[in-house]
file model.txt (compact mmCIF, C-alpha atoms)
# COMPACT_ATOMS: atom_id res chain seq x y z
CA LYS A 11 266.66 165.87 160.38
CA THR A 12 268.73 166.54 163.47
CA SER A 13 266.07 166.08 166.14
CA PHE A 14 263.59 163.39 167.00
CA THR A 15 260.56 164.82 168.78
CA LEU A 16 256.92 163.98 169.43
CA ILE A 17 254.40 166.23 171.13
CA ASN A 18 250.91 165.09 172.05
CA GLY A 19 248.34 165.25 174.84
CA ASP A 20 247.46 161.54 174.81
CA PRO A 21 249.38 159.90 177.66
CA TYR A 22 249.07 156.42 176.13
CA LEU A 23 250.48 157.57 172.79
CA ILE A 24 253.40 159.24 174.56
CA ARG A 25 254.09 156.14 176.66
CA SER A 26 253.92 153.88 173.58
CA PHE A 27 256.32 156.19 171.74
CA ILE A 28 258.79 156.07 174.64
CA GLN A 29 258.51 152.28 174.86
CA GLY A 30 259.31 152.11 171.16
CA LEU A 31 262.35 154.32 171.69
CA LEU A 32 263.59 152.06 174.46
CA VAL A 33 263.15 149.00 172.20
CA MET A 34 265.33 150.83 169.65
CA ASP A 35 268.04 151.05 172.34
CA VAL A 36 267.57 154.75 173.04
CA LYS A 37 268.94 155.29 176.53
CA LYS A 38 266.45 156.68 179.02
CA ASP A 39 269.01 159.37 179.90
CA ASP A 40 268.87 160.58 176.28
CA ILE A 41 265.13 161.27 176.53
CA ARG A 42 263.96 164.72 177.64
CA LEU A 43 260.42 165.70 178.49
CA SER A 44 258.94 169.17 178.37
CA PHE A 45 255.39 170.41 178.44
CA ARG A 46 253.11 172.80 176.60
CA LEU A 47 250.44 174.05 178.95
CA PHE A 48 247.94 176.84 179.29
CA SER A 49 248.39 179.66 181.77
CA ASP A 50 245.45 178.47 183.94
CA MET A 51 247.06 175.07 184.59
CA ASP A 52 249.07 173.99 187.63
CA GLU A 53 252.52 173.24 186.18
CA ASN A 54 253.72 171.23 189.20
CA LYS A 55 250.62 169.01 189.12
CA ILE A 56 251.09 168.38 185.41
CA ILE A 57 254.78 167.55 185.76
CA ASP A 58 254.00 165.14 188.62
CA TYR A 59 251.30 163.45 186.54
CA TRP A 60 253.55 162.87 183.52
CA LEU A 61 256.54 161.76 185.59
CA LYS A 62 254.47 159.13 187.39
CA PHE A 63 252.61 157.99 184.28
CA LEU A 64 255.79 157.67 182.21
CA ASP A 65 258.05 156.44 185.04
CA PHE A 66 260.61 159.23 184.68
CA ASP A 67 262.20 161.50 187.23
CA ILE A 68 262.73 165.24 187.47
CA ARG A 69 266.19 165.18 185.87
CA HIS A 70 264.53 164.39 182.51
CA ILE A 71 262.42 167.57 182.56
CA GLY A 72 263.07 170.63 180.43
CA LYS A 73 261.44 174.04 180.49
CA SER A 74 257.67 174.19 179.97
CA GLU A 75 256.05 176.34 177.31
CA ILE A 76 253.16 178.35 178.75
CA ILE A 77 250.38 179.45 176.38
CA GLU A 78 247.97 182.19 177.40
CA GLY A 79 244.40 181.01 177.67
CA ASN A 80 242.21 178.29 179.08
CA GLY A 81 243.05 174.73 178.12
CA THR A 82 241.94 172.73 181.13
CA ASN A 83 238.79 171.46 179.45
CA LYS A 84 240.60 170.39 176.29
CA LEU A 85 243.84 168.94 177.64
CA PRO A 86 243.74 168.42 181.40
CA TYR A 87 247.47 167.54 181.51
CA GLY A 88 248.66 169.75 178.69
CA MET A 89 250.85 168.28 176.01
CA CYS A 90 254.05 166.34 176.62
CA ARG A 91 256.97 166.83 174.29
CA VAL A 92 259.44 163.95 174.05
CA ARG A 93 262.85 164.79 172.63
CA VAL A 94 265.67 162.39 171.95
CA ARG A 95 269.14 163.88 172.35
CA LYS A 96 271.24 163.22 169.27
CA GLY A 97 268.13 161.68 167.76
CA ALA A 98 268.94 161.98 164.04
CA ARG A 99 270.08 158.36 163.72
CA TYR A 100 266.92 157.09 165.45
CA PHE A 101 264.77 159.34 163.27
CA LYS A 102 266.43 157.88 160.16
CA ARG A 103 265.85 154.36 161.47
CA VAL A 104 262.14 155.04 162.04
CA MET A 105 261.78 156.64 158.60
CA SER A 106 263.40 153.56 157.06
CA MET A 107 260.91 151.35 158.91
CA ILE A 108 258.03 153.48 157.63
CA ASP A 109 259.35 153.25 154.06
CA LEU A 110 259.66 149.47 154.40
CA ILE A 111 256.07 149.21 155.65
CA LYS A 112 254.79 151.47 152.85
CA SER A 113 256.61 149.44 150.21
CA SER A 114 254.92 146.26 151.41
CA PHE A 115 251.49 147.63 150.48
CA THR A 116 250.23 147.26 146.94
CA LEU A 117 248.00 150.02 145.71
CA PRO A 118 245.09 149.17 143.42

call {"tool": "encode", "arguments": {"input": "model.txt", "output": "structure tokens"}}
result
Amino acid sequence: KTSFTLINGDPYLIRSFIQGLLVMDVKKDDIRLSFRLFSDMDENKIIDYWLKFLDFDIRHIGKSEIIEGNGTNKLPYGMCRVRVRKGARYFKRVMSMIDLIKSSFTLP
């Protein structure tokens, strides 16, 4: 309830999530990116990929989490974790939106 985080390997999902955050008036400087990668991956290449794809710069990057093993075939760019600093209020807003959407559906 105090953090607002998404981790996924799908670049388009991550970019859509970030665009949604920006629409909710989250400041780009309050967004931090970090990565979960496998030990056989090139960390610098992965960071460059995500920074370019998401239009962020190096000051938004946190420490990567390295997992032992081979993940290149499964997730060529690892997984990107998006964290919102002081994200509790945004998390609550999103949960309220989800509740509103759920309440609009009628179950049989």

call {"tool": "closest_residue", "arguments": {"input": "model.txt", "among": "A:Val92, A:Val104, A:Met51, A:Leu32", "to": "Glu78 (chain A)", "atoms": "only C-alpha atoms"}}
result
A:Met51

call {"tool": "residues_around", "arguments": {"input": "model.txt", "residues": "region 35-44 of chain A", "least_positions_apart": "3", "cutoff": "8 Å", "atoms": "only C-alpha atoms", "output": "list of chain:residue names"}}
result
A:Leu31, A:Leu32, A:His70, A:Ile71, A:Gly72, A:Lys73, A:Ser74, A:Glu75, A:Cys90, A:Arg91, A:Val92, A:Arg93, A:Val94, A:Arg95, A:Lys96, A:Tyr100

call {"tool": "axis_aligned_box", "arguments": {"input": "model.txt", "around": "region 40-49 of chain A", "padding_each_side": "3 Å", "output": "JSON"}}
result
{"center_x": 258.4, "center_y": 170.1, "center_z": 179.0, "size_x": 26.9, "size_y": 25.1, "size_z": 11.5}

call {"tool": "closest_residue", "arguments": {"input": "model.txt", "among": "A:Leu61, A:Ile68, A:Ile108, A:Ile56", "to": "Leu85 (chain A)", "atoms": "only C-alpha atoms"}}
result
A:Ile56

call {"tool": "atom_distance", "arguments": {"input": "model.txt", "atom1": "CA of Trp60 (chain A)", "atom2": "CA of Ala98 (chain A)"}}
result
24.8 Å

call {"tool": "atom_distance", "arguments": {"input": "model.txt", "atom1": "CA of Phe63 (chain A)", "atom2": "CA of Ser106 (chain A)"}}
result
29.6 Å

call {"tool": "closest_residue", "arguments": {"input": "model.txt", "among": "A:Met89, A:Val33, A:Leu47, A:Ile28", "to": "Phe66 (chain A)", "atoms": "all atoms listed in the file"}}
result
A:Ile28

call {"tool": "atom_distance", "arguments": {"input": "model.txt", "atom1": "CA of Arg99 (chain A)", "atom2": "CA of Phe45 (chain A)"}}
result
24.0 Å

call {"tool": "closest_residue", "arguments": {"input": "model.txt", "among": "A:Ile24, A:Phe48, A:Glu53, A:Met34", "to": "Lys84 (chain A)", "atoms": "all atoms listed in the file"}}
result
A:Phe48

call {"tool": "closest_residue", "arguments": {"input": "model.txt", "among": "A:Tyr87, A:Phe101, A:Phe14, A:Phe27", "to": "Asp50 (chain A)", "atoms": "all atoms listed in the file"}}
result
A:Tyr87
